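Pasted below: final36.pdb, PDB, C-alpha atoms, pLDDT in the B column.
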ATOM      1  CA  MET A   1      53.210 104.589 119.115  1.00 40.00           C
ATOM      2  CA  LYS A   2      52.979 105.863 115.552  1.00 40.00           C
ATOM      3  CA  ARG A   3      56.297 106.464 113.857  1.00 42.00           C
ATOM      4  CA  ALA A   4      56.927 109.364 111.496  1.00 43.00           C
ATOM      5  CA  GLU A   5      57.646 108.662 107.851  1.00 43.00           C
ATOM      6  CA  PRO A   6      60.836 110.543 106.853  1.00 42.00           C
ATOM      7  CA  LYS A   7      61.104 112.755 103.802  1.00 40.00           C
ATOM      8  CA  ARG A   8      64.241 114.013 102.143  1.00 34.00           C
ATOM      9  CA  SER A   9      64.777 117.742 102.400  1.00 38.00           C
ATOM     10  CA  ASN A  10      64.551 118.114  98.620  1.00 35.00           C
ATOM     11  CA  GLY A  11      61.365 116.027  98.430  1.00 39.00           C
ATOM     12  CA  SER A  12      62.973 113.341  96.275  1.00 31.00           C
ATOM     13  CA  PRO A  13      62.003 109.700  96.742  1.00 35.00           C
ATOM     14  CA  VAL A  14      64.169 107.381  98.819  1.00 34.00           C
ATOM     15  CA  ILE A  15      66.260 105.276  96.484  1.00 33.00           C
ATOM     16  CA  GLY A  16      68.239 102.338  97.824  1.00 36.00           C
ATOM     17  CA  HIS A  17      70.053  99.416  96.266  1.00 35.00           C
ATOM     18  CA  ARG A  18      67.272  96.917  96.938  1.00 38.00           C
ATOM     19  CA  SER A  19      65.920  94.282  94.643  1.00 39.00           C
ATOM     20  CA  GLN A  20      62.431  94.953  93.302  1.00 40.00           C
ATOM     21  CA  ASN A  21      60.724  92.399  95.565  1.00 42.00           C
ATOM     22  CA  SER A  22      62.380  93.558  98.784  1.00 47.00           C
ATOM     23  CA  ALA A  23      61.234  97.158  99.078  1.00 60.00           C
ATOM     24  CA  SER A  24      59.759  96.766 102.556  1.00 91.00           C
ATOM     25  CA  TRP A  25      62.478  94.931 104.494  1.00 95.00           C
ATOM     26  CA  PRO A  26      64.002  98.129 105.983  1.00 96.00           C
ATOM     27  CA  ASP A  27      60.501  99.152 107.119  1.00 96.00           C
ATOM     28  CA  ASP A  28      60.086  95.722 108.717  1.00 96.00           C
ATOM     29  CA  ILE A  29      63.338  96.182 110.662  1.00 97.00           C
ATOM     30  CA  TYR A  30      62.287  99.667 111.705  1.00 97.00           C
ATOM     31  CA  ARG A  31      59.024  98.349 113.161  1.00 96.00           C
ATOM     32  CA  VAL A  32      60.823  95.522 114.962  1.00 97.00           C
ATOM     33  CA  ILE A  33      63.426  97.746 116.631  1.00 97.00           C
ATOM     34  CA  GLY A  34      60.658 100.014 117.893  1.00 95.00           C
ATOM     35  CA  ASP A  35      58.619  97.067 119.169  1.00 96.00           C
ATOM     36  CA  GLN A  36      61.683  95.646 120.946  1.00 97.00           C
ATOM     37  CA  GLY A  37      62.392  98.846 122.887  1.00 97.00           C
ATOM     38  CA  VAL A  38      65.577  99.833 121.087  1.00 98.00           C
ATOM     39  CA  ARG A  39      66.534 103.445 121.816  1.00 97.00           C
ATOM     40  CA  GLN A  40      69.899 103.806 120.038  1.00 98.00           C
ATOM     41  CA  VAL A  41      70.860 102.833 116.497  1.00 98.00           C
ATOM     42  CA  THR A  42      74.514 103.217 115.603  1.00 98.00           C
ATOM     43  CA  TYR A  43      75.747 103.035 112.027  1.00 97.00           C
ATOM     44  CA  VAL A  44      78.457 103.756 109.520  1.00 93.00           C
ATOM     45  CA  PRO A  45      76.633 105.241 106.509  1.00 91.00           C
ATOM     46  CA  ASP A  46      75.792 102.428 104.098  1.00 86.00           C
ATOM     47  CA  SER A  47      73.593 102.436 101.002  1.00 87.00           C
ATOM     48  CA  GLY A  48      72.259  98.988 101.946  1.00 90.00           C
ATOM     49  CA  HIS A  49      70.863 100.422 105.175  1.00 94.00           C
ATOM     50  CA  ALA A  50      69.979 103.846 103.686  1.00 93.00           C
ATOM     51  CA  ARG A  51      66.194 103.508 104.009  1.00 94.00           C
ATOM     52  CA  LEU A  52      66.432 102.172 107.575  1.00 96.00           C
ATOM     53  CA  ILE A  53      68.846 104.949 108.565  1.00 97.00           C
ATOM     54  CA  GLU A  54      66.454 107.571 107.181  1.00 96.00           C
ATOM     55  CA  LEU A  55      63.565 106.051 109.158  1.00 97.00           C
ATOM     56  CA  VAL A  56      65.610 106.018 112.369  1.00 97.00           C
ATOM     57  CA  ARG A  57      66.889 109.558 111.893  1.00 97.00           C
ATOM     58  CA  ALA A  58      63.326 110.839 111.440  1.00 97.00           C
ATOM     59  CA  ASP A  59      62.074 109.160 114.627  1.00 97.00           C
ATOM     60  CA  ARG A  60      62.295 111.368 117.723  1.00 95.00           C
ATOM     61  CA  ASN A  61      62.043 108.273 119.948  1.00 95.00           C
ATOM     62  CA  LEU A  62      65.283 106.861 118.580  1.00 96.00           C
ATOM     63  CA  ARG A  63      68.796 108.184 118.760  1.00 97.00           C
ATOM     64  CA  ALA A  64      70.608 107.731 115.438  1.00 97.00           C
ATOM     65  CA  ILE A  65      74.357 107.823 116.006  1.00 98.00           C
ATOM     66  CA  PRO A  66      76.669 107.947 112.987  1.00 97.00           C
ATOM     67  CA  LEU A  67      80.064 106.343 113.530  1.00 97.00           C
ATOM     68  CA  THR A  68      83.478 106.852 111.975  1.00 95.00           C
ATOM     69  CA  THR A  69      84.248 103.146 112.340  1.00 95.00           C
ATOM     70  CA  GLU A  70      82.160 100.108 113.277  1.00 96.00           C
ATOM     71  CA  GLU A  71      83.944  99.190 116.504  1.00 95.00           C
ATOM     72  CA  GLU A  72      82.758 102.474 118.022  1.00 97.00           C
ATOM     73  CA  GLY A  73      79.259 100.986 117.782  1.00 96.00           C
ATOM     74  CA  VAL A  74      80.315  98.068 119.957  1.00 97.00           C
ATOM     75  CA  ALA A  75      81.524 100.455 122.673  1.00 96.00           C
ATOM     76  CA  LEU A  76      78.331 102.524 122.408  1.00 97.00           C
ATOM     77  CA  ALA A  77      76.211  99.383 122.749  1.00 97.00           C
ATOM     78  CA  VAL A  78      78.044  98.538 125.971  1.00 97.00           C
ATOM     79  CA  GLY A  79      77.474 102.058 127.283  1.00 97.00           C
ATOM     80  CA  ALA A  80      73.817 101.979 126.290  1.00 97.00           C
ATOM     81  CA  TRP A  81      73.290  98.671 128.089  1.00 97.00           C
ATOM     82  CA  LEU A  82      75.046  99.921 131.221  1.00 96.00           C
ATOM     83  CA  GLY A  83      72.800 102.999 131.053  1.00 97.00           C
ATOM     84  CA  GLY A  84      69.662 100.877 130.806  1.00 97.00           C
ATOM     85  CA  GLU A  85      69.006 101.267 127.072  1.00 97.00           C
ATOM     86  CA  ARG A  86      68.961  98.916 124.133  1.00 98.00           C
ATOM     87  CA  SER A  87      71.092  99.508 121.066  1.00 98.00           C
ATOM     88  CA  VAL A  88      71.448  98.042 117.570  1.00 98.00           C
ATOM     89  CA  LEU A  89      74.548  98.311 115.379  1.00 98.00           C
ATOM     90  CA  LEU A  90      74.133  98.613 111.590  1.00 97.00           C
ATOM     91  CA  MET A  91      77.054  97.896 109.282  1.00 95.00           C
ATOM     92  CA  GLN A  92      78.204  96.413 106.017  1.00 92.00           C
ATOM     93  CA  SER A  93      80.067  93.090 105.918  1.00 91.00           C
ATOM     94  CA  SER A  94      83.316  94.869 105.046  1.00 89.00           C
ATOM     95  CA  GLY A  95      83.098  96.676 108.400  1.00 90.00           C
ATOM     96  CA  SER A  96      82.478  93.580 110.505  1.00 92.00           C
ATOM     97  CA  GLY A  97      86.187  92.805 110.526  1.00 91.00           C
ATOM     98  CA  ASN A  98      86.812  96.104 112.302  1.00 92.00           C
ATOM     99  CA  CYS A  99      84.839  94.830 115.313  1.00 94.00           C
ATOM    100  CA  ILE A 100      86.620  91.535 115.990  1.00 94.00           C
ATOM    101  CA  ASN A 101      88.808  92.661 118.912  1.00 94.00           C
ATOM    102  CA  MET A 102      85.958  94.603 120.565  1.00 95.00           C
ATOM    103  CA  LEU A 103      83.677  91.548 120.391  1.00 96.00           C
ATOM    104  CA  GLY A 104      85.887  89.919 123.030  1.00 95.00           C
ATOM    105  CA  MET A 105      84.670  92.498 125.563  1.00 94.00           C
ATOM    106  CA  VAL A 106      81.032  91.879 124.649  1.00 95.00           C
ATOM    107  CA  GLN A 107      81.520  88.118 125.000  1.00 94.00           C
ATOM    108  CA  GLU A 108      83.370  88.322 128.305  1.00 94.00           C
ATOM    109  CA  CYS A 109      81.049  90.915 129.882  1.00 95.00           C
ATOM    110  CA  ARG A 110      77.811  89.351 128.527  1.00 96.00           C
ATOM    111  CA  VAL A 111      76.506  92.511 126.896  1.00 97.00           C
ATOM    112  CA  PRO A 112      73.732  92.187 124.302  1.00 98.00           C
ATOM    113  CA  LEU A 113      74.884  93.340 120.894  1.00 98.00           C
ATOM    114  CA  PRO A 114      72.506  92.918 117.974  1.00 98.00           C
ATOM    115  CA  MET A 115      74.260  93.651 114.684  1.00 98.00           C
ATOM    116  CA  LEU A 116      72.421  94.007 111.379  1.00 98.00           C
ATOM    117  CA  ILE A 117      74.925  93.442 108.595  1.00 95.00           C
ATOM    118  CA  THR A 118      74.262  94.054 104.915  1.00 90.00           C
ATOM    119  CA  MET A 119      76.424  91.742 102.859  1.00 86.00           C
ATOM    120  CA  ARG A 120      78.764  92.690 100.033  1.00 80.00           C
ATOM    121  CA  GLY A 121      81.047  90.448  98.012  1.00 69.00           C
ATOM    122  CA  GLU A 122      78.285  87.970  97.191  1.00 79.00           C
ATOM    123  CA  TRP A 123      75.512  88.086  94.621  1.00 76.00           C
ATOM    124  CA  GLY A 124      76.545  90.107  91.549  1.00 74.00           C
ATOM    125  CA  GLU A 125      79.377  91.975  93.282  1.00 70.00           C
ATOM    126  CA  PHE A 126      81.484  94.204  91.022  1.00 74.00           C
ATOM    127  CA  ASN A 127      84.180  95.161  93.557  1.00 73.00           C
ATOM    128  CA  PRO A 128      86.835  92.460  94.184  1.00 72.00           C
ATOM    129  CA  TRP A 129      87.871  94.189  97.437  1.00 78.00           C
ATOM    130  CA  GLN A 130      84.518  93.225  98.987  1.00 77.00           C
ATOM    131  CA  VAL A 131      84.944  89.470  98.464  1.00 72.00           C
ATOM    132  CA  PRO A 132      87.584  88.510 101.101  1.00 72.00           C
ATOM    133  CA  MET A 133      85.742  89.997 104.101  1.00 78.00           C
ATOM    134  CA  SER A 134      82.463  88.655 102.769  1.00 81.00           C
ATOM    135  CA  GLN A 135      83.926  85.158 102.853  1.00 83.00           C
ATOM    136  CA  ALA A 136      85.425  85.742 106.305  1.00 81.00           C
ATOM    137  CA  THR A 137      82.383  87.329 107.964  1.00 93.00           C
ATOM    138  CA  VAL A 138      80.680  84.171 109.257  1.00 94.00           C
ATOM    139  CA  PRO A 139      83.863  82.364 110.382  1.00 95.00           C
ATOM    140  CA  ALA A 140      85.260  85.493 112.091  1.00 95.00           C
ATOM    141  CA  LEU A 141      82.041  86.336 113.935  1.00 96.00           C
ATOM    142  CA  THR A 142      81.475  82.721 114.937  1.00 96.00           C
ATOM    143  CA  ALA A 143      85.041  82.465 116.248  1.00 96.00           C
ATOM    144  CA  MET A 144      84.291  85.443 118.527  1.00 96.00           C
ATOM    145  CA  GLY A 145      81.180  83.768 119.962  1.00 96.00           C
ATOM    146  CA  VAL A 146      78.613  85.698 117.925  1.00 97.00           C
ATOM    147  CA  ALA A 147      75.390  83.865 117.054  1.00 98.00           C
ATOM    148  CA  VAL A 148      74.983  84.349 113.296  1.00 97.00           C
ATOM    149  CA  ARG A 149      71.682  84.267 111.395  1.00 97.00           C
ATOM    150  CA  THR A 150      71.558  84.663 107.617  1.00 95.00           C
ATOM    151  CA  VAL A 151      68.607  85.990 105.633  1.00 95.00           C
ATOM    152  CA  GLU A 152      68.303  85.133 101.932  1.00 93.00           C
ATOM    153  CA  HIS A 153      64.719  86.340 101.334  1.00 94.00           C
ATOM    154  CA  ALA A 154      63.312  89.818 101.989  1.00 93.00           C
ATOM    155  CA  GLU A 155      60.091  88.496 103.509  1.00 95.00           C
ATOM    156  CA  GLU A 156      62.134  86.770 106.260  1.00 95.00           C
ATOM    157  CA  VAL A 157      64.085  89.844 107.369  1.00 96.00           C
ATOM    158  CA  GLY A 158      61.570  91.169 109.910  1.00 96.00           C
ATOM    159  CA  GLU A 159      60.978  87.882 111.714  1.00 96.00           C
ATOM    160  CA  THR A 160      64.696  87.046 111.720  1.00 97.00           C
ATOM    161  CA  VAL A 161      65.623  90.436 113.172  1.00 98.00           C
ATOM    162  CA  LYS A 162      62.901  90.095 115.823  1.00 98.00           C
ATOM    163  CA  ALA A 163      64.201  86.671 116.864  1.00 98.00           C
ATOM    164  CA  ALA A 164      67.798  87.951 116.868  1.00 98.00           C
ATOM    165  CA  LEU A 165      66.963  90.953 119.051  1.00 98.00           C
ATOM    166  CA  GLN A 166      65.090  88.734 121.486  1.00 98.00           C
ATOM    167  CA  LEU A 167      68.030  86.332 121.623  1.00 98.00           C
ATOM    168  CA  ALA A 168      70.524  89.159 122.157  1.00 98.00           C
ATOM    169  CA  PHE A 169      68.553  90.996 124.841  1.00 98.00           C
ATOM    170  CA  ASN A 170      67.202  87.912 126.652  1.00 97.00           C
ATOM    171  CA  THR A 171      70.540  86.070 126.828  1.00 97.00           C
ATOM    172  CA  CYS A 172      72.993  88.999 126.866  1.00 97.00           C
ATOM    173  CA  ARG A 173      75.041  87.974 123.858  1.00 97.00           C
ATOM    174  CA  ALA A 174      76.148  89.210 120.479  1.00 98.00           C
ATOM    175  CA  VAL A 175      73.904  88.209 117.580  1.00 98.00           C
ATOM    176  CA  ALA A 176      74.457  89.131 113.936  1.00 98.00           C
ATOM    177  CA  VAL A 177      71.829  89.060 111.210  1.00 97.00           C
ATOM    178  CA  LEU A 178      73.503  88.889 107.813  1.00 95.00           C
ATOM    179  CA  ILE A 179      71.215  90.337 105.153  1.00 94.00           C
ATOM    180  CA  SER A 180      72.219  88.713 101.881  1.00 88.00           C
ATOM    181  CA  GLN A 181      73.288  90.799  98.922  1.00 86.00           C
ATOM    182  CA  ARG A 182      70.421  89.112  97.095  1.00 85.00           C
ATOM    183  CA  VAL A 183      68.033  90.940  99.451  1.00 90.00           C
ATOM    184  CA  VAL A 184      69.937  94.230  99.487  1.00 79.00           C
ATOM    185  CA  GLY A 185      70.667  94.177  95.757  1.00 75.00           C
ATOM    186  CA  ALA A 186      74.008  94.310  94.013  1.00 71.00           C
ATOM    187  CA  LYS A 187      75.587  97.695  93.469  1.00 69.00           C
ATOM    188  CA  GLN A 188      76.530  98.595  89.935  1.00 66.00           C
ATOM    189  CA  PHE A 189      79.823 100.158  88.927  1.00 61.00           C
ATOM    190  CA  LYS A 190      79.171 103.552  87.332  1.00 59.00           C
TER     191      LYS A 190
END
This entry written out as structure tokens:
Amino acid sequence: MKRAEPKRSNGSPVIGHRSQNSASWPDDIYRVIGDQGVRQVTYVPDSGHARLIELVRADRNLRAIPLTTEEEGVALAVGAWLGGERSVLLMQSSGSGNCINMLGMVQECRVPLPMLITMRGEWGEFNPWQVPMSQATVPALTAMGVAVRTVEHAEEVGETVKAALQLAFNTCRAVAVLISQRVVGAKQFK
């Protein structure tokens, strides 16, 4: 099925905080989620996922669901699975801590929960508030039984997300793909 290419209402180009060599990684994820039968994509607005969110919102075959907080996405993933649909949760590393308690339900009930997490507090970070959760993301998710995969190179994002979605949906478990700040690009203080 051919997917529509989104355009901003004002016709301006899509500008994200990506490094110059990683312009296509959101498009790679978009293709993978379509190929894997995902129907719902939940997200808290995030500039790291901006391009992917625009692609999802423009696709009539996907339901893009904005959240007020990341743990709502965990609950929606459970509901989607119980309703026979596949879901993916997009978030930033600073929001992963909000999900810790809810991940216990996913672990105990064996619900697939693929999470695509753009990292902050790493490469070239300007905001000191992003560093603590960045350092705690892997240990916290691992402690809750989440399989964690880290991507350091843009060209590996698509294949890593595909493998993570297959693992999540085939084994009914939570899997997180951490997309390095080197791939996403460091924000600049303005």
Residues within 8 Å of (73.1, 86.8, 109.8), file coordinates, counting only C-alpha atoms: what are they? Give the list as an mmCIF file with C-alpha atoms, in the coordinates of the input.
data_model
loop_
_atom_site.group_PDB
_atom_site.id
_atom_site.type_symbol
_atom_site.label_atom_id
_atom_site.label_comp_id
_atom_site.auth_asym_id
_atom_site.auth_seq_id
_atom_site.Cartn_x
_atom_site.Cartn_y
_atom_site.Cartn_z
ATOM 1 C CA LEU A 116 72.421 94.007 111.379
ATOM 2 C CA ILE A 117 74.925 93.442 108.595
ATOM 3 C CA VAL A 148 74.983 84.349 113.296
ATOM 4 C CA ARG A 149 71.682 84.267 111.395
ATOM 5 C CA THR A 150 71.558 84.663 107.617
ATOM 6 C CA VAL A 151 68.607 85.990 105.633
ATOM 7 C CA VAL A 175 73.904 88.209 117.580
ATOM 8 C CA ALA A 176 74.457 89.131 113.936
ATOM 9 C CA VAL A 177 71.829 89.060 111.210
ATOM 10 C CA LEU A 178 73.503 88.889 107.813
ATOM 11 C CA ILE A 179 71.215 90.337 105.153
#
I'd like to see the residues matched by the PyMOL selection byres ((chain A and resi 32) around 10) on this file, and ideally I'd get them as a list in words.
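In the shown coordinates, the PyMOL selection byres ((chain A and resi 32) around 10) covers Pro26, Asp27, Asp28, Ile29, Tyr30, Arg31, Ile33, Gly34, Asp35, Gln36, Gly37, Val38, Gly158, Glu159, Thr160, Val161, Lys162, Ala163 and Leu165 of chain A.
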If the PyMOL selection byres ((chain A and resi 78-95) around 9) is run on the structure shown, which residues does it catch, given as a VMD selection string?
chain A and resid 33 36 to 46 48 to 49 53 69 to 71 73 to 77 96 to 99 105 to 106 111 to 121 129 to 134 137 165 169 178
Taken to one decimal, the CA of Trp25 in chain A-CA of Val157 in chain A distance is 6.1 Å
Every residue with an atom at most 9 Å from (85.6, 86.8, 117.7) (file coordinates; all atoms listed in the file) is what I'm after, so could you write them as a PyMOL selection string?
chain A and resi 99-104+107+139-146
Two-atom distance - CA of Glu152 in chain A, CA of Gln181 in chain A (Å)
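Taking CA of Glu152 in chain A as the start and CA of Gln181 in chain A as the end point, the length is 8.1 Å.
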Could you model N, CA and C atoms for range 90-115 of chain A and present them as an mmCIF file, in the frame of the given file?
data_model
loop_
_atom_site.group_PDB
_atom_site.id
_atom_site.type_symbol
_atom_site.label_atom_id
_atom_site.label_comp_id
_atom_site.auth_asym_id
_atom_site.auth_seq_id
_atom_site.Cartn_x
_atom_site.Cartn_y
_atom_site.Cartn_z
ATOM 1 N N LEU A 90 74.284 98.869 113.020
ATOM 2 C CA LEU A 90 74.133 98.613 111.590
ATOM 3 C C LEU A 90 75.496 98.732 110.927
ATOM 4 N N MET A 91 75.789 97.804 110.013
ATOM 5 C CA MET A 91 77.054 97.896 109.282
ATOM 6 C C MET A 91 76.989 97.063 108.013
ATOM 7 N N GLN A 92 78.016 97.203 107.221
ATOM 8 C CA GLN A 92 78.204 96.413 106.017
ATOM 9 C C GLN A 92 79.212 95.312 106.354
ATOM 10 N N SER A 93 79.169 94.214 105.623
ATOM 11 C CA SER A 93 80.067 93.090 105.918
ATOM 12 C C SER A 93 81.534 93.506 105.925
ATOM 13 N N SER A 94 81.917 94.433 105.080
ATOM 14 C CA SER A 94 83.316 94.869 105.046
ATOM 15 C C SER A 94 83.731 95.523 106.361
ATOM 16 N N GLY A 95 82.785 96.058 107.113
ATOM 17 C CA GLY A 95 83.098 96.676 108.400
ATOM 18 C C GLY A 95 83.088 95.723 109.575
ATOM 19 N N SER A 96 82.552 94.521 109.379
ATOM 20 C CA SER A 96 82.478 93.580 110.505
ATOM 21 C C SER A 96 83.861 93.180 111.001
ATOM 22 N N GLY A 97 84.830 93.143 110.108
ATOM 23 C CA GLY A 97 86.187 92.805 110.526
ATOM 24 C C GLY A 97 86.783 93.824 111.481
ATOM 25 N N ASN A 98 86.318 95.065 111.403
ATOM 26 C CA ASN A 98 86.812 96.104 112.302
ATOM 27 C C ASN A 98 86.403 95.866 113.754
ATOM 28 N N CYS A 99 85.403 95.027 113.975
ATOM 29 C CA CYS A 99 84.839 94.830 115.313
ATOM 30 C C CYS A 99 85.417 93.632 116.061
ATOM 31 N N ILE A 100 86.225 92.831 115.420
ATOM 32 C CA ILE A 100 86.620 91.535 115.990
ATOM 33 C C ILE A 100 87.221 91.662 117.387
ATOM 34 N N ASN A 101 88.188 92.529 117.595
ATOM 35 C CA ASN A 101 88.808 92.661 118.912
ATOM 36 C C ASN A 101 87.800 93.125 119.965
ATOM 37 N N MET A 102 86.947 94.079 119.613
ATOM 38 C CA MET A 102 85.958 94.603 120.565
ATOM 39 C C MET A 102 84.916 93.551 120.950
ATOM 40 N N LEU A 103 84.669 92.585 120.080
ATOM 41 C CA LEU A 103 83.677 91.548 120.391
ATOM 42 C C LEU A 103 84.109 90.685 121.570
ATOM 43 N N GLY A 104 85.411 90.637 121.846
ATOM 44 C CA GLY A 104 85.887 89.919 123.030
ATOM 45 C C GLY A 104 85.325 90.513 124.311
ATOM 46 N N MET A 105 85.232 91.833 124.380
ATOM 47 C CA MET A 105 84.670 92.498 125.563
ATOM 48 C C MET A 105 83.190 92.150 125.719
ATOM 49 N N VAL A 106 82.464 92.181 124.613
ATOM 50 C CA VAL A 106 81.032 91.879 124.649
ATOM 51 C C VAL A 106 80.816 90.449 125.128
ATOM 52 N N GLN A 107 81.635 89.528 124.624
ATOM 53 C CA GLN A 107 81.520 88.118 125.000
ATOM 54 C C GLN A 107 81.843 87.930 126.480
ATOM 55 N N GLU A 108 82.923 88.510 126.915
ATOM 56 C CA GLU A 108 83.370 88.322 128.305
ATOM 57 C C GLU A 108 82.436 88.997 129.309
ATOM 58 N N CYS A 109 81.905 90.153 128.960
ATOM 59 C CA CYS A 109 81.049 90.915 129.882
ATOM 60 C C CYS A 109 79.568 90.600 129.723
ATOM 61 N N ARG A 110 79.212 89.753 128.769
ATOM 62 C CA ARG A 110 77.811 89.351 128.527
ATOM 63 C C ARG A 110 76.910 90.553 128.290
ATOM 64 N N VAL A 111 77.285 91.343 127.292
ATOM 65 C CA VAL A 111 76.506 92.511 126.896
ATOM 66 C C VAL A 111 75.751 92.165 125.614
ATOM 67 N N PRO A 112 74.457 92.458 125.545
ATOM 68 C CA PRO A 112 73.732 92.187 124.302
ATOM 69 C C PRO A 112 74.182 93.134 123.188
ATOM 70 N N LEU A 113 74.453 92.548 122.040
ATOM 71 C CA LEU A 113 74.884 93.340 120.894
ATOM 72 C C LEU A 113 74.242 92.792 119.627
ATOM 73 N N PRO A 114 73.067 93.299 119.271
ATOM 74 C CA PRO A 114 72.506 92.918 117.974
ATOM 75 C C PRO A 114 73.157 93.730 116.865
ATOM 76 N N MET A 115 73.628 93.017 115.847
ATOM 77 C CA MET A 115 74.260 93.651 114.684
ATOM 78 C C MET A 115 73.471 93.260 113.442
#
